[in-house]
$ cat start.pdb   # PDB, C-alpha atoms and all ligand atoms
MODEL        1
ATOM      1  CA  MET A   1    -143.519  30.570-131.028
ATOM      2  CA  ALA A   2    -143.912  28.382-134.110
ATOM      3  CA  LYS A   3    -146.359  28.443-137.007
ATOM      4  CA  VAL A   4    -146.092  24.665-137.282
ATOM      5  CA  ILE A   5    -145.848  22.290-134.326
ATOM      6  CA  ILE A   6    -144.997  18.608-134.758
ATOM      7  CA  LEU A   7    -145.758  16.778-131.494
ATOM      8  CA  SER A   8    -144.759  13.107-131.326
ATOM      9  CA  GLY A   9    -145.011  10.134-129.005
ATOM     10  CA  ALA A  10    -143.609   6.620-128.781
ATOM     11  CA  GLY A  11    -145.261   5.584-132.057
ATOM     12  CA  ILE A  12    -142.822   7.604-134.149
ATOM     13  CA  SER A  13    -139.929   5.554-132.770
ATOM     14  CA  ALA A  14    -141.686   2.172-133.008
ATOM     15  CA  GLU A  15    -140.206   1.503-136.461
ATOM     16  CA  SER A  16    -136.763   2.178-135.012
ATOM     17  CA  GLY A  17    -137.317  -0.792-132.709
ATOM     18  CA  ILE A  18    -138.081   1.272-129.588
ATOM     19  CA  SER A  19    -141.124  -0.088-127.762
ATOM     20  CA  THR A  20    -144.219   2.034-127.210
ATOM     21  CA  PHE A  21    -145.901   2.249-123.824
ATOM     22  CA  ARG A  22    -149.469   1.070-124.241
ATOM     23  CA  ASP A  23    -149.227  -1.482-127.020
ATOM     24  CA  GLY A  24    -147.517  -3.974-124.735
ATOM     25  CA  GLY A  25    -150.356  -4.342-122.284
ATOM     26  CA  GLY A  26    -149.083  -1.583-120.020
ATOM     27  CA  LEU A  27    -145.626  -3.116-119.638
ATOM     28  CA  TRP A  28    -142.530  -1.184-120.676
ATOM     29  CA  GLU A  29    -139.853  -3.706-121.557
ATOM     30  CA  LYS A  30    -141.406  -6.237-119.120
ATOM     31  CA  HIS A  31    -141.580  -3.681-116.299
ATOM     32  CA  LYS A  32    -144.729  -2.098-114.923
ATOM     33  CA  ILE A  33    -144.502   1.599-115.812
ATOM     34  CA  GLU A  34    -145.382   2.564-112.245
ATOM     35  CA  ASP A  35    -142.454   0.498-110.868
ATOM     36  CA  VAL A  36    -139.820   2.398-112.826
ATOM     37  CA  CYS A  37    -141.481   5.602-113.910
ATOM     38  CA  TYR A  38    -143.381   6.947-110.943
ATOM     39  CA  ALA A  39    -142.340   9.702-108.538
ATOM     40  CA  GLY A  40    -140.610   8.041-105.584
ATOM     41  CA  CYS A  41    -139.379   4.991-107.529
ATOM     42  CA  LEU A  42    -135.762   6.074-106.918
ATOM     43  CA  GLU A  43    -136.423   6.068-103.188
ATOM     44  CA  THR A  44    -138.354   2.791-103.108
ATOM     45  CA  ASN A  45    -136.296   0.791-105.610
ATOM     46  CA  ARG A  46    -133.316   2.856-106.707
ATOM     47  CA  LYS A  47    -131.228  -0.020-108.068
ATOM     48  CA  LEU A  48    -134.089  -1.484-110.166
ATOM     49  CA  THR A  49    -134.871   1.983-111.528
ATOM     50  CA  ILE A  50    -131.285   2.907-112.394
ATOM     51  CA  ASP A  51    -130.624  -0.535-113.895
ATOM     52  CA  PHE A  52    -133.814  -0.152-115.960
ATOM     53  CA  TYR A  53    -132.722   3.172-117.477
ATOM     54  CA  ASP A  54    -129.156   1.930-117.888
ATOM     55  CA  SER A  55    -130.519  -0.916-120.078
ATOM     56  CA  ARG A  56    -132.783   1.439-122.051
ATOM     57  CA  ARG A  57    -129.835   3.831-122.562
ATOM     58  CA  GLU A  58    -127.450   1.087-123.662
ATOM     59  CA  GLU A  59    -130.065  -0.223-126.132
ATOM     60  CA  LEU A  60    -130.315   3.213-127.729
ATOM     61  CA  LYS A  61    -126.750   2.922-129.019
ATOM     62  CA  ASP A  62    -127.735   0.545-131.850
ATOM     63  CA  LYS A  63    -131.091   2.136-132.665
ATOM     64  CA  GLU A  64    -131.360   4.184-135.841
ATOM     65  CA  PRO A  65    -133.774   6.979-136.748
ATOM     66  CA  ASN A  66    -136.422   5.888-139.245
ATOM     67  CA  TYR A  67    -137.665   7.698-142.332
ATOM     68  CA  ALA A  68    -140.166   9.761-140.334
ATOM     69  CA  HIS A  69    -137.444  11.147-138.031
ATOM     70  CA  LYS A  70    -135.272  11.970-141.065
ATOM     71  CA  VAL A  71    -138.007  13.821-142.956
ATOM     72  CA  ILE A  72    -138.912  15.849-139.870
ATOM     73  CA  ALA A  73    -135.236  16.660-139.216
ATOM     74  CA  LYS A  74    -134.885  17.940-142.793
ATOM     75  CA  LEU A  75    -138.039  20.050-142.474
ATOM     76  CA  LYS A  76    -136.937  21.510-139.133
ATOM     77  CA  ASN A  77    -133.492  22.398-140.458
ATOM     78  CA  LYS A  78    -135.057  24.054-143.547
ATOM     79  CA  TYR A  79    -137.708  25.999-141.570
ATOM     80  CA  LYS A  80    -135.811  26.588-138.302
ATOM     81  CA  GLU A  81    -138.030  29.381-136.914
ATOM     82  CA  GLN A  82    -141.404  28.298-138.342
ATOM     83  CA  ILE A  83    -141.382  24.665-137.140
ATOM     84  CA  ALA A  84    -141.177  23.362-133.545
ATOM     85  CA  VAL A  85    -140.347  19.688-132.998
ATOM     86  CA  ILE A  86    -141.754  18.592-129.640
ATOM     87  CA  THR A  87    -141.681  15.010-128.391
ATOM     88  CA  GLN A  88    -142.772  12.965-125.394
ATOM     89  CA  ASN A  89    -140.009  10.512-126.259
ATOM     90  CA  ILE A  90    -136.784  10.227-124.288
ATOM     91  CA  ASP A  91    -134.830   8.625-127.132
ATOM     92  CA  ASP A  92    -132.318  10.448-129.373
ATOM     93  CA  MET A  93    -133.690   9.412-132.772
ATOM     94  CA  PHE A  94    -134.384  12.993-133.879
ATOM     95  CA  GLU A  95    -130.889  14.025-132.777
ATOM     96  CA  LYS A  96    -129.365  11.071-134.666
ATOM     97  CA  ALA A  97    -131.364  12.194-137.713
ATOM     98  CA  GLY A  98    -129.645  15.588-137.425
ATOM     99  CA  CYS A  99    -132.607  17.529-136.046
ATOM    100  CA  ASP A 100    -131.722  20.671-134.065
ATOM    101  CA  LYS A 101    -133.536  21.973-131.011
ATOM    102  CA  VAL A 102    -135.877  19.096-130.146
ATOM    103  CA  LEU A 103    -138.075  19.815-127.114
ATOM    104  CA  HIS A 104    -138.138  16.667-124.962
ATOM    105  CA  LEU A 105    -141.106  17.044-122.626
ATOM    106  CA  HIS A 106    -140.451  13.933-120.523
ATOM    107  CA  GLY A 107    -136.652  14.097-120.354
ATOM    108  CA  PHE A 108    -133.785  12.656-122.360
ATOM    109  CA  LEU A 109    -132.440   9.158-121.770
ATOM    110  CA  ARG A 110    -128.781  10.017-122.461
ATOM    111  CA  GLU A 111    -128.740  12.584-119.669
ATOM    112  CA  LEU A 112    -128.344  12.400-115.922
ATOM    113  CA  LYS A 113    -129.465  15.215-113.619
ATOM    114  CA  CYS A 114    -128.213  16.198-110.193
ATOM    115  CA  GLU A 115    -130.994  15.756-107.629
ATOM    116  CA  LYS A 116    -129.759  18.848-105.789
ATOM    117  CA  CYS A 117    -128.305  21.480-108.155
ATOM    118  CA  GLY A 118    -129.969  20.332-111.380
ATOM    119  CA  ASN A 119    -126.643  20.000-113.232
ATOM    120  CA  ILE A 120    -127.152  17.951-116.454
ATOM    121  CA  LEU A 121    -124.610  15.437-117.842
ATOM    122  CA  ASP A 122    -124.911  13.774-121.259
ATOM    123  CA  ILE A 123    -123.366  10.332-120.732
ATOM    124  CA  ALA A 124    -124.372   9.070-124.181
ATOM    125  CA  TYR A 125    -125.009   5.289-123.904
ATOM    126  CA  GLU A 126    -122.991   4.531-120.783
ATOM    127  CA  LYS A 127    -124.371   2.936-117.637
ATOM    128  CA  GLN A 128    -124.852   5.254-114.679
ATOM    129  CA  ASP A 129    -124.373   2.621-111.957
ATOM    130  CA  THR A 130    -121.073   3.246-110.149
ATOM    131  CA  LYS A 131    -119.295   5.635-112.524
ATOM    132  CA  TYR A 132    -121.859   8.431-112.247
ATOM    133  CA  GLU A 133    -123.088   8.205-108.675
ATOM    134  CA  THR A 134    -122.520  11.837-107.670
ATOM    135  CA  CYS A 135    -122.672  15.247-109.313
ATOM    136  CA  PRO A 136    -119.225  16.569-110.322
ATOM    137  CA  LYS A 137    -120.341  20.036-109.228
ATOM    138  CA  CYS A 138    -121.882  19.487-105.802
ATOM    139  CA  GLN A 139    -121.287  15.785-105.038
ATOM    140  CA  ASN A 140    -124.997  15.097-104.518
ATOM    141  CA  LYS A 141    -126.782  12.121-106.105
ATOM    142  CA  LEU A 142    -127.342  11.906-109.865
ATOM    143  CA  ARG A 143    -130.515  10.424-111.398
ATOM    144  CA  PRO A 144    -131.761   9.722-114.933
ATOM    145  CA  ASN A 145    -132.987  13.013-116.476
ATOM    146  CA  ILE A 146    -136.449  11.517-116.972
ATOM    147  CA  VAL A 147    -139.738  13.063-115.824
ATOM    148  CA  PHE A 148    -141.541  10.408-113.790
ATOM    149  CA  PHE A 149    -145.314  10.292-113.429
ATOM    150  CA  ALA A 150    -146.514  12.730-110.728
ATOM    151  CA  GLU A 151    -143.359  14.816-111.105
ATOM    152  CA  ILE A 152    -143.302  18.377-112.469
ATOM    153  CA  ALA A 153    -142.542  18.503-116.221
ATOM    154  CA  PRO A 154    -140.859  21.920-116.600
ATOM    155  CA  LYS A 155    -140.676  21.783-120.415
ATOM    156  CA  TYR A 156    -144.475  21.880-120.703
ATOM    157  CA  GLU A 157    -144.261  25.653-120.222
ATOM    158  CA  ASP A 158    -142.009  25.853-123.312
ATOM    159  CA  MET A 159    -144.530  23.755-125.249
ATOM    160  CA  TYR A 160    -147.463  26.014-124.318
ATOM    161  CA  LYS A 161    -145.474  29.074-125.487
ATOM    162  CA  GLU A 162    -144.924  27.462-128.891
ATOM    163  CA  PHE A 163    -148.714  27.321-129.343
ATOM    164  CA  ASP A 164    -149.072  31.118-129.060
ATOM    165  CA  ASP A 165    -149.185  31.556-132.829
ATOM    166  CA  CYS A 166    -149.469  27.982-134.098
ATOM    167  CA  GLU A 167    -151.668  27.540-137.182
ATOM    168  CA  PHE A 168    -150.650  24.041-138.277
ATOM    169  CA  PHE A 169    -150.548  21.193-135.720
ATOM    170  CA  VAL A 170    -149.250  17.691-136.419
ATOM    171  CA  VAL A 171    -149.604  14.796-133.935
ATOM    172  CA  ILE A 172    -147.671  11.612-134.674
ATOM    173  CA  GLY A 173    -147.579   8.362-132.715
ATOM    174  CA  THR A 174    -149.216   9.230-129.429
ATOM    175  CA  SER A 175    -152.291   7.703-127.804
ATOM    176  CA  GLY A 176    -153.068  10.951-125.956
ATOM    177  CA  ALA A 177    -152.978   9.061-122.648
ATOM    178  CA  VAL A 178    -150.688  11.635-121.028
ATOM    179  CA  ILE A 179    -151.023  14.681-123.279
ATOM    180  CA  ASN A 180    -154.498  14.919-124.744
ATOM    181  CA  THR A 181    -153.614  16.758-127.937
ATOM    182  CA  ASP A 182    -157.288  17.548-128.682
ATOM    183  CA  MET A 183    -157.012  20.356-126.126
ATOM    184  CA  PHE A 184    -154.605  22.326-128.319
ATOM    185  CA  LEU A 185    -157.102  22.590-131.200
ATOM    186  CA  ASN A 186    -158.164  26.236-130.941
ATOM    187  CA  PRO A 187    -159.769  28.262-133.797
ATOM    188  CA  ASP A 188    -156.357  29.723-134.797
ATOM    189  CA  ILE A 189    -155.183  26.265-135.869
ATOM    190  CA  LYS A 190    -156.201  26.044-139.510
ATOM    191  CA  VAL A 191    -154.790  22.542-140.203
ATOM    192  CA  SER A 192    -154.423  19.637-137.766
ATOM    193  CA  ILE A 193    -153.149  16.182-138.750
ATOM    194  CA  LEU A 194    -153.325  13.115-136.474
ATOM    195  CA  ASN A 195    -151.224  10.109-137.453
ATOM    196  CA  ASN A 196    -151.511   6.898-135.411
ATOM    197  CA  LEU A 197    -151.789   3.240-136.324
ATOM    198  CA  GLU A 198    -155.382   3.105-135.139
ATOM    199  CA  PRO A 199    -157.959   5.217-133.273
ATOM    200  CA  SER A 200    -157.118   5.908-129.639
ATOM    201  CA  GLY A 201    -159.711   5.885-126.865
ATOM    202  CA  TYR A 202    -158.174   9.101-125.527
ATOM    203  CA  LEU A 203    -158.480  11.234-128.675
ATOM    204  CA  MET A 204    -161.502  12.542-130.641
ATOM    205  CA  GLU A 205    -160.374  12.049-134.228
ATOM    206  CA  GLU A 206    -163.226  14.103-135.648
ATOM    207  CA  VAL A 207    -161.691  17.332-134.341
ATOM    208  CA  TYR A 208    -158.627  16.970-136.620
ATOM    209  CA  THR A 209    -158.757  18.176-140.224
ATOM    210  CA  LYS A 210    -156.894  15.054-141.397
ATOM    211  CA  VAL A 211    -156.429  11.615-139.763
ATOM    212  CA  LEU A 212    -153.908   9.081-141.097
ATOM    213  CA  HIS A 213    -154.053   5.501-139.746
ATOM    214  CA  LYS A 214    -150.747   4.236-140.995
ATOM    215  CA  LYS A 215    -147.128   3.907-139.947
ATOM    216  CA  ALA A 216    -145.375   7.237-139.453
ATOM    217  CA  SER A 217    -142.842   6.380-142.156
ATOM    218  CA  GLU A 218    -145.700   5.864-144.630
ATOM    219  CA  ALA A 219    -147.595   8.983-143.564
ATOM    220  CA  ILE A 220    -144.695  11.420-143.291
ATOM    221  CA  ASP A 221    -144.338  12.329-146.986
ATOM    222  CA  GLU A 222    -147.986  13.433-147.146
ATOM    223  CA  ILE A 223    -147.587  15.344-143.870
ATOM    224  CA  ALA A 224    -144.368  17.027-145.075
ATOM    225  CA  PHE A 225    -146.045  17.980-148.377
ATOM    226  CA  ASP A 226    -148.968  19.620-146.498
ATOM    227  CA  ILE A 227    -146.566  21.484-144.171
ATOM    228  CA  GLU A 228    -144.423  22.860-147.021
ATOM    229  CA  LYS A 229    -147.503  23.856-149.031
ATOM    230  CA  PHE A 230    -148.864  25.702-145.992
ATOM    231  CA  LEU A 231    -145.572  27.500-145.270
ATOM    232  CA  LYS A 232    -145.113  28.523-148.923
ATOM    233  CA  GLU A 233    -148.653  29.948-149.015
ATOM    234  CA  GLU A 234    -147.895  31.769-145.731
ATOM    235  CA  LYS A 235    -145.055  33.733-147.330
TER     236      LYS A 235
HETATM  237  N1  LIG A 301    -146.530   4.866-136.625
HETATM  238  C1  LIG A 301    -147.431   5.736-136.119
HETATM  239  N2  LIG A 301    -148.059   5.557-134.927
HETATM  240  C2  LIG A 301    -147.757   4.430-134.248
HETATM  241  C3  LIG A 301    -146.839   3.463-134.709
HETATM  242  C4  LIG A 301    -146.213   3.723-135.962
HETATM  243  N3  LIG A 301    -145.320   2.872-136.495
HETATM  244  N4  LIG A 301    -146.783   2.443-133.796
HETATM  245  C5  LIG A 301    -147.629   2.776-132.793
HETATM  246  N5  LIG A 301    -148.221   3.953-133.067
HETATM  247  C6  LIG A 301    -149.187   4.715-132.264
HETATM  248  C7  LIG A 301    -150.217   3.867-131.574
HETATM  249  O1  LIG A 301    -151.374   3.787-132.395
HETATM  250  C8  LIG A 301    -150.486   4.680-130.292
HETATM  251  O2  LIG A 301    -151.550   5.588-130.519
HETATM  252  O3  LIG A 301    -148.418   5.337-131.247
HETATM  253  C9  LIG A 301    -149.214   5.492-130.072
HETATM  254  C10 LIG A 301    -148.388   5.042-128.888
HETATM  255  O4  LIG A 301    -149.092   5.377-127.732
HETATM  256  P1  LIG A 301    -148.419   5.121-126.304
HETATM  257  O5  LIG A 301    -147.794   3.785-126.287
HETATM  258  O6  LIG A 301    -149.452   5.481-125.278
HETATM  259  O7  LIG A 301    -147.212   6.163-126.213
HETATM  260  P2  LIG A 301    -147.273   7.699-125.898
HETATM  261  O8  LIG A 301    -148.572   8.297-126.365
HETATM  262  O9  LIG A 301    -146.047   8.303-126.420
HETATM  263  O10 LIG A 301    -147.221   7.739-124.289
HETATM  264  C11 LIG A 301    -147.176   9.039-123.706
HETATM  265  O11 LIG A 301    -146.895   8.057-121.529
HETATM  266  O12 LIG A 301    -145.852   6.325-120.483
HETATM  267  C12 LIG A 301    -145.845   7.691-120.638
HETATM  268  O13 LIG A 301    -144.101   9.242-120.435
HETATM  269  C13 LIG A 301    -144.558   8.166-121.205
HETATM  270  O14 LIG A 301    -144.138   9.740-122.985
HETATM  271  C14 LIG A 301    -144.935   8.628-122.603
HETATM  272  C15 LIG A 301    -146.379   9.009-122.448
ENDMDL
END
$ encode --input "start.pdb" --output "structure tokens"
Amino acid sequence: MAKVIILSGAGISAESGISTFRDGGGLWEKHKIEDVCYAGCLETNRKLTIDFYDSRREELKDKEPNYAHKVIAKLKNKYKEQIAVITQNIDDMFEKAGCDKVLHLHGFLRELKCEKCGNILDIAYEKQDTKYETCPKCQNKLRPNIVFFAEIAPKYEDMYKEFDDCEFFVVIGTSGAVINTDMFLNPDIKVSILNNLEPSGYLMEEVYTKVLHKKASEAIDEIAFDIEKFLKEEK
């Protein structure tokens, strides 16, 4: 349970050169999201799906965390118990910025998961294709450790637990299309900050105590200042 929750989406990684989902007219790297990110896509077009994530994974190798990731990593490492870093992103920018214990709600691109026993392998930026066909533990098929649409997202339970005593809620770089962050704003949350490039049709900006329409790297210093001030007053 964390006093401060920082929940991010694709927008926080945009300045690291990682494409968002809904700015590109619904295409993710020239693929329709439903073709490569919908339950059943591994059965209907396994090769296309695995090749798609192999390319995304390989691209990650040269991507660097931006200033927003670095500031959040520093805050998390300074306030380990009071701050929870939760993201919808599958990239490893927070990890590259040195951030511990990031909760990835929709999976983690560097990992493969056994379809049978659930065994997880971190293959860094390698291709899965032939080298990682089967699970070393039970020899069943491996798949990208990504939560597809219409699949269960087990980490959501962990996220809900973090909100048990949250009083400061930060939302950075998410349209709210999948997780409508408005729903977390209960009376116990004294401060809520929404940072996106522009208003989103999915979110009601008026319910947040502060809204910042700017790049995450330009908003993060103000957000970090507010978080530290809040935590110091908490003591
Ligand atoms: N700084 C801050 N915000 C930004 C930036 C930036 N540099 N660039 C874009 N944004 C904002 C946009 O204004 C938009 O509100 O980031 C948001 C990106 O929204 P989406 O593309 O919908 O991404 P996201 O909200 O993370 O999608 C949620 O949908 O496709 C699924 O599983 C996938 O996790 C993903 C989920």
$ closest_residue --input "start.pdb" --among "A:Ile223, A:Val36, A:Val178, A:Leu103" --to "ligand LIG 301 (chain A)" --atoms "all atoms listed in the file"
A:Val178
$ closest_residue --input "start.pdb" --among "A:Thr130, A:Asn186, A:Gln82, A:Thr181" --to "ligand LIG 301 (chain A)" --atoms "all atoms listed in the file"
A:Thr181
$ axis_aligned_box --input "start.pdb" --around "segment 198-203 of chain A" --padding-each-side "6 Å" --output "AutoDock Vina command-line options"
--center_x -157.5 --center_y 7.2 --center_z -130.3 --size_x 16.3 --size_y 20.1 --size_z 21.6
$ resolve_selection --input "start.pdb" --expression "the PyMOL selection byres (((not hetatm)) within 6 of (chain A and resi 301))" --output "PyMOL selection string"
chain A and resi 9-12+14-15+20-23+88-89+106+173-178+195-198+200+215-216
$ closest_residue --input "start.pdb" --among "A:Met204, A:Lys76, A:Asp91, A:Phe52" --to "Glu228 of chain A" --atoms "all atoms listed in the file"
A:Lys76
$ atom_distance --input "start.pdb" --atom1 "atom CA of Glu29 of chain A" --atom2 "atom CA of Ile50 of chain A"
14.2 Å
$ closest_residue --input "start.pdb" --among "A:Glu115, A:Asp221, A:Glu151, A:Glu81" --to "Cys138 of chain A" --atoms "all atoms listed in the file"
A:Glu115
$ closest_residue --input "start.pdb" --among "A:Ile120, A:Ile86, A:Val170, A:Met93" --to "Asp158 of chain A" --atoms "only C-alpha atoms"
A:Ile86
$ atom_distance --input "start.pdb" --atom1 "atom CA of Asp188 of chain A" --atom2 "atom CA of Phe168 of chain A"
8.8 Å
$ residues_near_point --input "start.pdb" --point "(-129.1, 13.3, -114.6)" --cutoff "12 Å" --atoms "all atoms listed in the file" --output "short mmCIF file (atom, residue, chain, number, x, y, z; two decimals) with C-alpha atoms, in the coordinates of the input"
data_model
loop_
_atom_site.label_atom_id
_atom_site.label_comp_id
_atom_site.auth_asym_id
_atom_site.auth_seq_id
_atom_site.Cartn_x
_atom_site.Cartn_y
_atom_site.Cartn_z
CA ILE A 50 -131.28 2.91 -112.39
CA TYR A 53 -132.72 3.17 -117.48
CA ASP A 54 -129.16 1.93 -117.89
CA GLY A 107 -136.65 14.10 -120.35
CA PHE A 108 -133.78 12.66 -122.36
CA LEU A 109 -132.44 9.16 -121.77
CA ARG A 110 -128.78 10.02 -122.46
CA GLU A 111 -128.74 12.58 -119.67
CA LEU A 112 -128.34 12.40 -115.92
CA LYS A 113 -129.46 15.22 -113.62
CA CYS A 114 -128.21 16.20 -110.19
CA GLU A 115 -130.99 15.76 -107.63
CA LYS A 116 -129.76 18.85 -105.79
CA CYS A 117 -128.30 21.48 -108.16
CA GLY A 118 -129.97 20.33 -111.38
CA ASN A 119 -126.64 20.00 -113.23
CA ILE A 120 -127.15 17.95 -116.45
CA LEU A 121 -124.61 15.44 -117.84
CA ASP A 122 -124.91 13.77 -121.26
CA ILE A 123 -123.37 10.33 -120.73
CA ALA A 124 -124.37 9.07 -124.18
CA LYS A 127 -124.37 2.94 -117.64
CA GLN A 128 -124.85 5.25 -114.68
CA ASP A 129 -124.37 2.62 -111.96
CA TYR A 132 -121.86 8.43 -112.25
CA GLU A 133 -123.09 8.20 -108.68
CA THR A 134 -122.52 11.84 -107.67
CA CYS A 135 -122.67 15.25 -109.31
CA PRO A 136 -119.22 16.57 -110.32
CA ASN A 140 -125.00 15.10 -104.52
CA LYS A 141 -126.78 12.12 -106.10
CA LEU A 142 -127.34 11.91 -109.86
CA ARG A 143 -130.51 10.42 -111.40
CA PRO A 144 -131.76 9.72 -114.93
CA ASN A 145 -132.99 13.01 -116.48
CA ILE A 146 -136.45 11.52 -116.97
CA VAL A 147 -139.74 13.06 -115.82
#
$ resolve_selection --input "start.pdb" --expression "the PyMOL selection byres (((chain A and resi 211) around 9) and not hetatm)" --output "list of chain:residue names"
A:Ser192, A:Ile193, A:Leu194, A:Asn195, A:Asn196, A:Glu205, A:Glu206, A:Tyr208, A:Thr209, A:Lys210, A:Leu212, A:His213
$ decode --input "start.pdb" --residues "segment 148-179 of chain A" --atoms "C-alpha atoms" --output "mmCIF file, in the first residue's frame"
data_model
loop_
_atom_site.group_PDB
_atom_site.id
_atom_site.type_symbol
_atom_site.label_atom_id
_atom_site.label_comp_id
_atom_site.auth_asym_id
_atom_site.auth_seq_id
_atom_site.Cartn_x
_atom_site.Cartn_y
_atom_site.Cartn_z
ATOM 1 C CA PHE A 148 -3.553 -9.148 -24.724
ATOM 2 C CA PHE A 149 -6.942 -7.458 -24.907
ATOM 3 C CA ALA A 150 -9.686 -9.718 -23.475
ATOM 4 C CA GLU A 151 -7.131 -11.641 -21.419
ATOM 5 C CA ILE A 152 -6.982 -11.591 -17.609
ATOM 6 C CA ALA A 153 -4.508 -8.992 -16.268
ATOM 7 C CA PRO A 154 -3.427 -10.535 -12.936
ATOM 8 C CA LYS A 155 -1.374 -7.512 -11.817
ATOM 9 C CA TYR A 156 -4.502 -5.346 -11.584
ATOM 10 C CA GLU A 157 -5.157 -6.927 -8.181
ATOM 11 C CA ASP A 158 -1.743 -5.654 -7.005
ATOM 12 C CA MET A 159 -2.616 -2.187 -8.321
ATOM 13 C CA TYR A 160 -5.946 -2.072 -6.457
ATOM 14 C CA LYS A 161 -4.157 -3.033 -3.207
ATOM 15 C CA GLU A 162 -1.756 -0.108 -3.620
ATOM 16 C CA PHE A 163 -4.758 2.254 -3.559
ATOM 17 C CA ASP A 164 -5.810 1.121 -0.062
ATOM 18 C CA ASP A 165 -4.125 4.095 1.591
ATOM 19 C CA CYS A 166 -3.175 6.291 -1.366
ATOM 20 C CA GLU A 167 -3.473 10.042 -0.744
ATOM 21 C CA PHE A 168 -1.505 11.403 -3.702
ATOM 22 C CA PHE A 169 -2.219 10.105 -7.233
ATOM 23 C CA VAL A 170 -0.204 11.003 -10.327
ATOM 24 C CA VAL A 171 -1.265 10.012 -13.873
ATOM 25 C CA ILE A 172 1.262 10.523 -16.660
ATOM 26 C CA GLY A 173 0.898 9.828 -20.374
ATOM 27 C CA THR A 174 -2.256 7.772 -20.613
ATOM 28 C CA SER A 175 -5.444 8.487 -22.551
ATOM 29 C CA GLY A 176 -7.536 6.464 -20.080
ATOM 30 C CA ALA A 177 -8.781 4.290 -22.953
ATOM 31 C CA VAL A 178 -8.027 1.063 -21.080
ATOM 32 C CA ILE A 179 -7.695 2.179 -17.460
#
